[in-house]
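work.txt follows (compact mmCIF, C-alpha atoms):
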```
# COMPACT_ATOMS: atom_id res chain seq x y z
CA MET A 1 -120.90 69.69 -47.40
CA LYS A 2 -121.03 68.25 -43.88
CA LYS A 3 -120.99 64.70 -45.29
CA ILE A 4 -117.99 65.56 -47.47
CA ILE A 5 -116.12 67.00 -44.48
CA LEU A 6 -116.94 63.91 -42.40
CA LEU A 7 -115.86 61.62 -45.24
CA PHE A 8 -112.61 63.58 -45.71
CA SER A 9 -111.97 63.37 -41.96
CA SER A 10 -112.53 59.61 -42.07
CA VAL A 11 -110.06 59.26 -44.93
CA LEU A 12 -107.49 61.27 -42.97
CA MET A 13 -108.02 59.00 -39.97
CA VAL A 14 -107.47 55.89 -42.12
CA VAL A 15 -104.32 57.34 -43.70
CA SER A 16 -103.06 58.41 -40.29
CA PHE A 17 -103.80 54.98 -38.85
CA CYS A 18 -102.02 53.20 -41.69
CA SER A 19 -98.95 55.40 -41.51
CA ALA A 20 -98.78 54.90 -37.76
CA GLN A 21 -98.40 51.15 -38.30
CA LYS A 22 -95.15 51.38 -40.28
CA PHE A 23 -91.52 51.11 -39.29
CA SER A 24 -88.41 51.83 -41.33
CA PHE A 25 -84.70 51.39 -40.65
CA LYS A 26 -82.31 53.42 -42.77
CA GLY A 27 -78.69 52.32 -42.64
CA ILE A 28 -75.96 54.81 -43.56
CA LEU A 29 -72.63 53.07 -44.14
CA PRO A 30 -69.21 54.81 -44.07
CA ASN A 31 -68.45 53.88 -47.70
CA ASN A 32 -69.69 51.83 -50.64
CA ASP A 33 -67.58 48.74 -49.89
CA LEU A 34 -70.64 46.67 -48.96
CA ASP A 35 -72.71 47.63 -52.01
CA GLY A 36 -74.41 44.57 -53.48
CA LEU A 37 -74.61 42.68 -50.20
CA SER A 38 -77.99 41.76 -48.75
CA VAL A 39 -79.18 43.15 -45.43
CA VAL A 40 -82.07 41.62 -43.50
CA VAL A 41 -84.16 42.44 -40.45
CA PHE A 42 -85.49 39.40 -38.64
CA ARG A 43 -87.13 38.41 -35.39
CA GLU A 44 -85.71 35.61 -33.25
CA ASN A 45 -88.32 33.17 -31.98
CA LEU A 46 -86.70 31.97 -28.76
CA ASN A 47 -89.45 29.44 -28.06
CA ASP A 48 -89.70 27.91 -31.53
CA GLU A 49 -86.87 25.53 -32.46
CA ALA A 50 -88.59 24.54 -35.71
CA ASN A 51 -88.79 28.18 -36.87
CA PRO A 52 -86.05 30.04 -34.97
CA THR A 53 -86.35 33.25 -37.00
CA THR A 54 -89.00 35.26 -38.84
CA LEU A 55 -87.82 37.42 -41.74
CA LEU A 56 -89.40 40.87 -41.69
CA ASP A 57 -87.68 42.46 -44.71
CA SER A 58 -84.57 42.21 -46.87
CA VAL A 59 -82.91 44.60 -49.32
CA VAL A 60 -79.63 45.03 -51.17
CA ILE A 61 -77.19 47.75 -50.11
CA LYS A 62 -76.83 50.45 -52.75
CA ASN A 63 -74.67 53.58 -52.67
CA GLY A 64 -73.70 52.87 -49.08
CA THR A 65 -77.28 52.84 -47.77
CA TYR A 66 -80.21 50.53 -47.18
CA THR A 67 -83.81 50.96 -46.02
CA LEU A 68 -85.78 48.16 -44.38
CA LYS A 69 -89.54 48.57 -43.94
CA GLY A 70 -92.49 46.77 -42.48
CA LYS A 71 -95.61 46.88 -40.37
CA SER A 72 -95.04 47.83 -36.75
CA PRO A 73 -96.64 45.74 -33.98
CA LYS A 74 -99.01 46.83 -31.24
CA GLU A 75 -96.24 46.12 -28.73
CA PRO A 76 -92.60 46.82 -29.72
CA TYR A 77 -90.39 43.73 -29.87
CA ALA A 78 -86.71 42.93 -30.40
CA ALA A 79 -85.18 42.05 -33.76
CA ASN A 80 -81.81 41.99 -35.50
CA ILE A 81 -80.48 43.76 -38.58
CA SER A 82 -77.76 41.70 -40.25
CA ILE A 83 -75.55 42.43 -43.23
CA LEU A 84 -75.07 39.04 -44.86
CA GLN A 85 -71.41 38.20 -45.58
CA GLY A 86 -70.45 41.49 -43.94
CA GLN A 87 -68.02 40.03 -41.39
CA GLY A 88 -64.58 41.55 -41.12
CA LYS A 89 -65.49 44.84 -42.84
CA GLY A 90 -64.81 47.04 -39.82
CA ILE A 91 -68.44 47.62 -38.83
CA PRO A 92 -70.97 45.48 -36.92
CA ASN A 93 -72.55 43.02 -39.34
CA SER A 94 -75.39 42.41 -36.88
CA VAL A 95 -77.18 45.00 -34.71
CA PRO A 96 -80.09 44.34 -32.32
CA VAL A 97 -82.95 46.81 -32.74
CA ILE A 98 -86.51 47.36 -31.55
CA ILE A 99 -89.39 47.03 -34.00
CA GLU A 100 -91.60 50.03 -33.31
CA GLU A 101 -93.51 52.69 -35.19
CA GLY A 102 -91.32 55.35 -36.75
CA SER A 103 -88.27 56.04 -38.89
CA ILE A 104 -85.04 54.84 -37.32
CA THR A 105 -81.55 55.60 -38.61
CA LEU A 106 -78.46 53.45 -38.10
CA THR A 107 -75.28 55.42 -38.78
CA TYR A 108 -72.25 53.13 -39.08
CA SER A 109 -68.67 54.28 -38.55
CA LEU A 110 -65.18 52.83 -38.95
CA THR A 111 -63.95 54.92 -36.02
CA GLY A 112 -65.41 55.67 -32.60
CA THR A 113 -68.87 54.25 -31.93
CA PRO A 114 -69.40 51.47 -34.53
CA VAL A 115 -73.08 52.30 -35.06
CA THR A 116 -75.39 54.98 -33.67
CA VAL A 117 -79.16 54.39 -33.56
CA SER A 118 -81.62 57.30 -33.51
CA GLY A 119 -85.11 58.33 -34.55
CA ALA A 120 -87.64 56.50 -32.35
CA PRO A 121 -88.00 56.40 -28.54
CA GLN A 122 -87.58 52.68 -27.86
CA ASN A 123 -84.56 52.38 -30.14
CA GLU A 124 -82.91 55.48 -28.71
CA LEU A 125 -83.44 54.16 -25.19
CA PHE A 126 -82.03 50.76 -26.18
CA PHE A 127 -79.00 52.41 -27.76
CA LYS A 128 -78.25 54.51 -24.67
CA SER A 129 -79.01 51.72 -22.18
CA VAL A 130 -77.50 48.71 -23.95
CA LEU A 131 -75.69 49.29 -27.24
CA GLU A 132 -73.55 52.24 -26.17
CA PRO A 133 -72.32 50.48 -22.98
CA THR A 134 -71.66 47.37 -25.08
CA PHE A 135 -69.55 49.27 -27.61
CA ASN A 136 -67.62 50.99 -24.81
CA TYR A 137 -66.98 47.62 -23.19
CA GLN A 138 -65.84 46.08 -26.47
CA SER A 139 -63.42 48.94 -27.10
CA LYS A 140 -61.90 48.73 -23.62
CA ALA A 141 -61.77 44.93 -23.68
CA LYS A 142 -60.06 44.94 -27.07
CA ALA A 143 -57.39 47.33 -25.78
CA LEU A 144 -56.86 45.26 -22.63
CA ILE A 145 -56.60 41.99 -24.57
CA ALA A 146 -54.09 43.57 -26.97
CA LYS A 147 -52.06 44.81 -24.01
CA ALA A 148 -52.09 41.36 -22.40
CA SER A 149 -51.19 39.66 -25.68
CA GLN A 150 -48.25 42.01 -26.20
CA ALA A 151 -47.03 41.39 -22.65
CA GLU A 152 -47.18 37.63 -23.25
CA GLN A 153 -45.30 37.91 -26.54
CA ASP A 154 -42.62 40.08 -24.92
CA GLY A 155 -42.28 37.70 -21.98
CA GLU A 156 -43.34 40.44 -19.55
CA MET A 157 -46.53 38.85 -18.23
CA THR A 158 -46.02 38.17 -14.52
CA PRO A 159 -48.61 36.37 -12.35
CA GLU A 160 -49.29 39.64 -10.52
CA ARG A 161 -49.82 41.55 -13.75
CA GLU A 162 -52.07 38.83 -15.13
CA GLU A 163 -54.15 38.86 -11.95
CA GLN A 164 -54.57 42.63 -12.10
CA MET A 165 -55.59 42.52 -15.76
CA GLN A 166 -58.12 39.79 -15.00
CA LYS A 167 -59.61 41.91 -12.20
CA THR A 168 -59.92 44.86 -14.59
CA PHE A 169 -61.56 42.66 -17.21
CA ASN A 170 -64.02 41.20 -14.67
CA SER A 171 -64.95 44.70 -13.50
CA MET A 172 -65.64 45.79 -17.07
CA GLN A 173 -67.84 42.73 -17.63
CA GLU A 174 -69.80 43.34 -14.44
CA GLU A 175 -70.44 46.93 -15.51
CA VAL A 176 -71.86 46.03 -18.92
CA VAL A 177 -73.94 43.15 -17.54
CA ALA A 178 -75.39 45.57 -14.98
CA SER A 179 -76.59 47.77 -17.84
CA TYR A 180 -78.28 44.72 -19.45
CA PHE A 181 -79.96 43.81 -16.16
CA ASN A 182 -81.20 47.34 -15.50
CA TYR A 183 -82.69 47.60 -18.99
CA THR A 184 -84.35 44.20 -18.65
CA LYS A 185 -85.74 44.97 -15.19
CA THR A 186 -87.20 48.28 -16.38
CA ASN A 187 -89.01 46.55 -19.26
CA ILE A 188 -89.75 43.17 -17.66
CA LYS A 189 -93.54 43.61 -17.94
CA LYS A 190 -93.26 44.14 -21.69
CA PRO A 191 -92.47 41.67 -24.52
CA ILE A 192 -89.10 43.42 -24.97
CA GLY A 193 -88.16 42.80 -21.35
CA GLU A 194 -89.18 39.15 -21.41
CA TYR A 195 -87.25 38.60 -24.63
CA PHE A 196 -84.01 40.04 -23.28
CA PHE A 197 -84.46 38.27 -19.95
CA ILE A 198 -84.45 34.95 -21.81
CA ALA A 199 -81.66 36.01 -24.19
CA TRP A 200 -79.37 37.35 -21.45
CA SER A 201 -80.25 35.14 -18.47
CA ASN A 202 -76.98 33.19 -18.75
CA MET A 203 -75.09 36.41 -17.99
CA PHE A 204 -77.17 37.26 -14.94
CA SER A 205 -76.53 35.97 -11.43
CA LYS A 206 -78.88 33.47 -9.80
CA ALA A 207 -80.29 36.24 -7.59
CA GLN A 208 -80.90 38.52 -10.58
CA ASN A 209 -82.67 35.75 -12.51
CA GLU A 210 -84.87 34.93 -9.52
CA GLN A 211 -85.80 38.60 -9.22
CA LEU A 212 -86.81 38.76 -12.89
CA LEU A 213 -88.54 35.36 -12.87
CA ALA A 214 -90.98 36.64 -10.27
CA GLU A 215 -92.20 39.25 -12.77
CA VAL A 216 -92.49 37.34 -16.06
CA SER A 217 -95.35 35.38 -17.60
CA PRO A 218 -95.72 31.57 -17.17
CA LYS A 219 -94.74 31.14 -20.83
CA ALA A 220 -91.49 33.05 -20.30
CA LYS A 221 -90.76 30.92 -17.23
CA ASP A 222 -91.13 27.75 -19.31
CA ILE A 223 -88.83 29.11 -22.02
CA PHE A 224 -86.29 30.12 -19.38
CA ALA A 225 -86.32 26.62 -17.84
CA ALA A 226 -85.82 24.98 -21.24
CA GLY A 227 -82.97 27.38 -21.99
CA GLN A 228 -81.27 26.59 -18.69
CA LYS A 229 -81.47 22.88 -19.50
CA ARG A 230 -79.88 23.43 -22.93
CA GLN A 231 -77.16 25.59 -21.38
CA LYS A 232 -76.35 22.85 -18.86
CA GLU A 233 -76.06 20.32 -21.68
CA PHE A 234 -73.81 22.69 -23.62
CA GLU A 235 -71.54 23.31 -20.62
CA ASP A 236 -71.26 19.57 -19.96
CA LYS A 237 -70.37 18.90 -23.58
CA LYS A 238 -67.83 21.73 -23.58
CA GLN A 239 -66.21 20.44 -20.40
CA GLN A 240 -65.95 16.93 -21.83
CA ALA A 241 -64.32 18.27 -25.00
CA GLU A 242 -61.85 20.38 -23.01
CA GLN A 243 -60.91 17.41 -20.84
CA ALA A 244 -60.41 15.26 -23.92
CA THR A 245 -58.05 17.85 -25.41
CA ALA A 246 -56.10 18.62 -22.26
CA ILE A 247 -52.30 18.61 -22.38
CA GLY A 248 -51.10 15.00 -22.33
CA GLN A 249 -54.15 13.65 -24.16
CA SER A 250 -53.92 12.07 -27.60
CA TYR A 251 -55.23 14.08 -30.54
CA LYS A 252 -58.52 13.13 -32.18
CA ASP A 253 -58.41 12.33 -35.85
CA MET A 254 -60.91 13.79 -38.26
CA THR A 255 -61.40 14.21 -41.99
CA LEU A 256 -62.61 17.37 -43.73
CA PRO A 257 -62.46 18.83 -47.24
CA GLY A 258 -59.16 20.46 -48.08
CA ILE A 259 -58.76 23.76 -49.87
CA ASP A 260 -58.80 21.91 -53.22
CA GLY A 261 -61.95 20.01 -52.30
CA LYS A 262 -60.20 16.70 -51.65
CA SER A 263 -60.50 15.03 -48.26
CA VAL A 264 -57.77 15.76 -45.71
CA SER A 265 -57.24 13.94 -42.40
CA LEU A 266 -55.22 15.12 -39.42
CA SER A 267 -53.57 11.69 -39.43
CA ASP A 268 -52.11 12.54 -42.85
CA TYR A 269 -49.68 14.77 -40.95
CA ILE A 270 -49.77 13.83 -37.26
CA GLY A 271 -47.76 10.79 -36.20
CA LYS A 272 -45.37 11.14 -39.14
CA ASN A 273 -42.42 11.99 -36.89
CA LYS A 274 -43.37 15.67 -36.99
CA VAL A 275 -44.51 18.25 -34.46
CA VAL A 276 -47.84 19.56 -35.76
CA LEU A 277 -49.68 22.76 -34.89
CA ILE A 278 -53.45 22.60 -35.39
CA ASP A 279 -54.47 26.21 -36.03
CA PHE A 280 -58.17 27.10 -35.71
CA TRP A 281 -58.89 30.39 -37.49
CA ALA A 282 -61.16 32.22 -39.99
CA SER A 283 -60.81 34.90 -42.64
CA TRP A 284 -63.27 37.14 -40.73
CA CYS A 285 -61.44 36.82 -37.38
CA GLY A 286 -59.44 40.00 -36.70
CA PRO A 287 -57.21 38.53 -33.96
CA CYS A 288 -56.52 35.53 -36.23
CA ILE A 289 -55.38 37.84 -39.04
CA LYS A 290 -53.20 39.83 -36.64
CA GLU A 291 -51.52 36.68 -35.31
CA MET A 292 -50.98 35.02 -38.70
CA PRO A 293 -47.63 36.73 -39.54
CA ASN A 294 -46.17 35.12 -36.40
CA VAL A 295 -47.42 31.72 -37.54
CA VAL A 296 -46.02 32.27 -41.05
CA GLU A 297 -42.65 33.21 -39.55
CA ALA A 298 -42.62 30.12 -37.31
CA TYR A 299 -43.49 27.88 -40.27
CA ALA A 300 -40.64 29.26 -42.35
CA LYS A 301 -38.20 28.91 -39.44
CA TYR A 302 -39.05 25.38 -38.30
CA LYS A 303 -40.56 23.60 -41.32
CA GLY A 304 -37.20 22.07 -42.22
CA LYS A 305 -36.78 20.80 -38.65
CA GLY A 306 -39.84 18.57 -38.54
CA PHE A 307 -42.60 21.15 -38.02
CA GLU A 308 -45.96 21.15 -39.80
CA ILE A 309 -49.16 23.16 -39.49
CA VAL A 310 -52.71 22.12 -40.33
CA GLY A 311 -55.13 25.02 -40.51
CA ILE A 312 -58.81 24.43 -39.72
CA SER A 313 -60.95 27.31 -40.94
CA PHE A 314 -64.23 28.36 -39.32
CA ASP A 315 -65.26 30.13 -42.52
CA SER A 316 -68.59 29.56 -44.20
CA GLU A 317 -67.67 31.10 -47.57
CA LYS A 318 -65.02 29.27 -49.60
CA ASN A 319 -64.01 32.32 -51.65
CA ALA A 320 -63.28 34.30 -48.47
CA TRP A 321 -61.24 31.37 -47.15
CA LEU A 322 -59.25 31.08 -50.39
CA ALA A 323 -58.63 34.82 -50.64
CA ALA A 324 -57.39 34.98 -47.04
CA THR A 325 -54.91 32.13 -47.51
CA LYS A 326 -53.40 33.92 -50.50
CA LYS A 327 -53.32 37.34 -48.86
CA LEU A 328 -51.79 36.01 -45.63
CA LYS A 329 -49.31 33.78 -47.51
CA ILE A 330 -50.57 30.61 -45.88
CA THR A 331 -48.86 27.67 -47.58
CA TRP A 332 -49.51 24.86 -45.10
CA PRO A 333 -52.37 22.32 -45.40
CA GLN A 334 -55.89 23.63 -44.83
CA MET A 335 -59.22 21.98 -44.11
CA SER A 336 -62.79 23.16 -43.47
CA ASP A 337 -66.38 21.97 -43.71
CA LEU A 338 -67.41 25.62 -44.23
CA LYS A 339 -69.96 25.48 -41.42
CA GLY A 340 -68.68 28.48 -39.47
CA TRP A 341 -69.18 28.12 -35.72
CA LYS A 342 -70.99 24.83 -36.35
CA SER A 343 -67.75 23.32 -37.63
CA SER A 344 -67.43 19.65 -36.69
CA ALA A 345 -63.79 20.33 -35.82
CA GLY A 346 -64.80 22.97 -33.31
CA GLN A 347 -67.30 20.63 -31.69
CA LEU A 348 -64.82 17.73 -31.58
CA TYR A 349 -62.10 19.83 -29.95
CA GLY A 350 -64.29 22.11 -27.86
CA ILE A 351 -63.23 25.29 -29.67
CA TYR A 352 -65.60 28.14 -28.84
CA SER A 353 -63.31 31.10 -29.57
CA ILE A 354 -60.58 31.73 -32.13
CA PRO A 355 -57.70 31.99 -32.73
CA ALA A 356 -56.95 28.72 -30.95
CA THR A 357 -54.09 26.26 -31.39
CA LEU A 358 -53.05 22.79 -30.29
CA LEU A 359 -49.42 21.66 -30.53
CA ILE A 360 -49.09 17.91 -31.12
CA ASP A 361 -45.83 16.01 -30.64
CA GLN A 362 -44.36 13.22 -32.78
CA ASN A 363 -46.40 10.63 -30.87
CA GLY A 364 -49.74 12.37 -31.32
CA LYS A 365 -49.89 13.82 -27.80
CA ILE A 366 -51.07 17.37 -27.06
CA ILE A 367 -48.11 19.22 -25.53
CA ALA A 368 -49.32 22.85 -25.59
CA LYS A 369 -52.42 24.96 -26.28
CA ASN A 370 -53.09 28.46 -27.56
CA LEU A 371 -49.48 29.48 -28.18
CA ARG A 372 -49.02 32.90 -29.79
CA GLY A 373 -46.17 35.13 -30.88
CA LYS A 374 -42.93 34.57 -29.02
CA GLU A 375 -44.56 31.83 -26.93
CA LEU A 376 -44.92 29.69 -30.05
CA ASP A 377 -41.33 30.35 -31.10
CA ARG A 378 -40.00 29.51 -27.63
CA LYS A 379 -41.94 26.24 -27.47
CA LEU A 380 -40.85 25.17 -30.95
CA ALA A 381 -37.24 26.00 -30.09
CA GLU A 382 -37.58 23.87 -26.96
CA VAL A 383 -39.09 20.92 -28.83
CA LEU A 384 -37.22 21.10 -32.14
CA GLY A 385 -34.11 23.13 -31.29
CA GLU A 386 -33.09 26.52 -32.68
```
As structure tokens - that is how I would like this structure written.
Amino acid sequence: MKKIILLFSSVLMVVSFCSAQKFSFKGILPNNDLDGLSVVVFRENLNDEANPTTLLDSVVIKNGTYTLKGKSPKEPYAANISILQGQGKGIPNSVPVIIEEGSITLTYSLTGTPVTVSGAPQNELFFKSVLEPTFNYQSKAKALIAKASQAEQDGEMTPEREEQMQKTFNSMQEEVVASYFNYTKTNIKKPIGEYFFIAWSNMFSKAQNEQLLAEVSPKAKDIFAAGQKRQKEFEDKKQQAEQATAIGQSYKDMTLPGIDGKSVSLSDYIGKNKVVLIDFWASWCGPCIKEMPNVVEAYAKYKGKGFEIVGISFDSEKNAWLAATKKLKITWPQMSDLKGWKSSAGQLYGIYSIPATLLIDQNGKIIAKNLRGKELDRKLAEVLGE
């Protein structure tokens, strides 16, 4: 009997040990609109360019839910849960999480907090310390940007008002970055802390990075140094592109597939005695969609006066691109290599946020950038006449 009891106890210990090594993430979506899409949880390998990510699990969304499972590590580490092709659906298509033992629930919402994470200590701490401040910042920033955009369209943006809005925006940014720094500092002796130090170091001040560098492992220091070098190269490249596309510079020609699959060049339209607006956008870009009616209106008003538009999409899915052009009543020429943010057009013109526009005159010179709403109408009236 004693042997049986001991054996039974051993079995319980094995079962307990096995169950303690599991993690699960249950996602609860606000509706069934994303049913059939794949959702993945993956780890980013910041020090491995050959294998930048490691897939941990993938499933298909069914009945508005998904459950991702796997073996938990000895030390919790950071990962991402991404809904593939889920952009523009009103919820975050990518959410950073912590891989740890336990059952974690992600509750998505179309209103209020976009996603709430609960069910395991490290994830709940990360939500409170990082995700919640991030969502609050995004909500406030969105409202401020909308307010500024409306003021610009109405011609009510004064230098003083713009300066005050910029101060408010900077204060909001400093607040959310402080929450990132505090979380990183608290966990700097753990793999989680080192990961986020490397991931967020470009947002931290020099003094903050030096404070964290003193605490991390030699390996993390090497990764940080390599990342700083890449960031410097990126900034230099961005600056060169911005200088090359400054007002007064000549446009750069390029050829990409058109919406019908045939090659389209900017020179097919620019330099043909027309004023041409190059419009960088994407079907998943909310601000782009909001601005598009103004662009459609301008096209209808000035097309007969020597105005043309060439749209360059940052989409990666052709069907989404096609559907958006029909829904938004876009009738002007379109082009895209369907590479998303890796678009060759974006790299050539130094476009790192959208919507973005360049207005090119009849001689191929850039005469204005990032015109929206009434600003676009006023500039076209100035150049082409009412």
(message) Calculated over only C-alpha atoms, which of the candidates A:Ala368, A:Ala282, A:Val310, A:Leu131 has the smallest distance to Pro92 (chain A)?
(response) A:Leu131
Enumerate, as a compact mmCIF listing (two decimals) with C-alpha atoms, keeping the file's coordinate frame, the protein, DNA and RNA residues whose atoms approach (-92.9, 40.4, -22.6) to within 10 Å, taking into account all atoms listed in the file and the coordinate frame of the file.
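As a result, point_30.txt now contains:
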```
# COMPACT_ATOMS: atom_id res chain seq x y z
CA GLU A 75 -96.24 46.12 -28.73
CA PRO A 76 -92.60 46.82 -29.72
CA TYR A 77 -90.39 43.73 -29.87
CA ASN A 187 -89.01 46.55 -19.26
CA ILE A 188 -89.75 43.17 -17.66
CA LYS A 189 -93.54 43.61 -17.94
CA LYS A 190 -93.26 44.14 -21.69
CA PRO A 191 -92.47 41.67 -24.52
CA ILE A 192 -89.10 43.42 -24.97
CA GLY A 193 -88.16 42.80 -21.35
CA GLU A 194 -89.18 39.15 -21.41
CA TYR A 195 -87.25 38.60 -24.63
CA PHE A 196 -84.01 40.04 -23.28
CA PHE A 197 -84.46 38.27 -19.95
CA GLU A 215 -92.20 39.25 -12.77
CA VAL A 216 -92.49 37.34 -16.06
CA SER A 217 -95.35 35.38 -17.60
CA LYS A 219 -94.74 31.14 -20.83
CA ALA A 220 -91.49 33.05 -20.30
```
(request) Record the distance separating CA of Thr325 (chain A) and CA of Ser283 (chain A), expressed in Å with one decimal. (result) 8.1 Å
(request) Please measure the separation of CA of Arg230 (chain A) and CA of Ile354 (chain A), giving the value in Å to one decimal. (result)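 A separation of 22.9 Å between them.
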(request) Write out as a ChimeraX atom specification the residues lying within 7 Å of Thr65 (chain A), counting only C-alpha atoms and excluding same-chain residues fewer than 4 positions away. (result) /A:27-29,61
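Environment of (-42.2, 30.2, -23.8): residues at most 12 Å away, judged by all atoms listed in the file, are Glu152, Gln153, Asp154, Gly155, Glu156, Met157, Ala368, Lys369, Asn370, Leu371, Arg372, Gly373, Lys374, Glu375, Leu376, Asp377, Arg378, Lys379, Leu380, Ala381, Glu382 and Val383 of chain A.
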(message) as a VMD selection string, please: the residues near Val115 (chain A) (cut-off 12 Å, all atoms listed in the file, same-chain neighbours under 2 positions excluded).
(response) chain A and resid 27 to 30 81 90 to 97 105 to 113 117 to 118 127 to 128 131 to 132 134 to 136
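The environment of Val130 (chain A) within 9 Å, counting only C-alpha atoms and disregarding residues fewer than 3 places along the same chain, consists of Leu125, Phe126, Phe127, Pro133, Thr134, Phe135, Val176, Ser179, Tyr180 and Tyr183 of chain A.
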(request) Using all atoms listed in the file, determine which residues lie at most 8 Å from Asp33 (chain A), disregarding the query and same-chain residues fewer than 2 positions distant; provide the list as a PyMOL selection string. (result) chain A and resi 31+35+64
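Residues in contact with Leu56 (chain A) at 7 Å, where only C-alpha atoms are counted and same-chain residues fewer than 4 positions away are skipped, are listed as Val41, Phe42 and Gly70 of chain A.
Across the structure, CA of Ile99 (chain A) and CA of Asn51 (chain A) are spaced 19.1 Å apart.
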(message) When you count all atoms listed in the file, which of these residues is closest to Gln347 (chain A): A:Asp268, A:Glu242, A:Glu44, A:Glu174?
(response)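 Closest to Gln347 (chain A), using all atoms listed in the file: A:Glu242.
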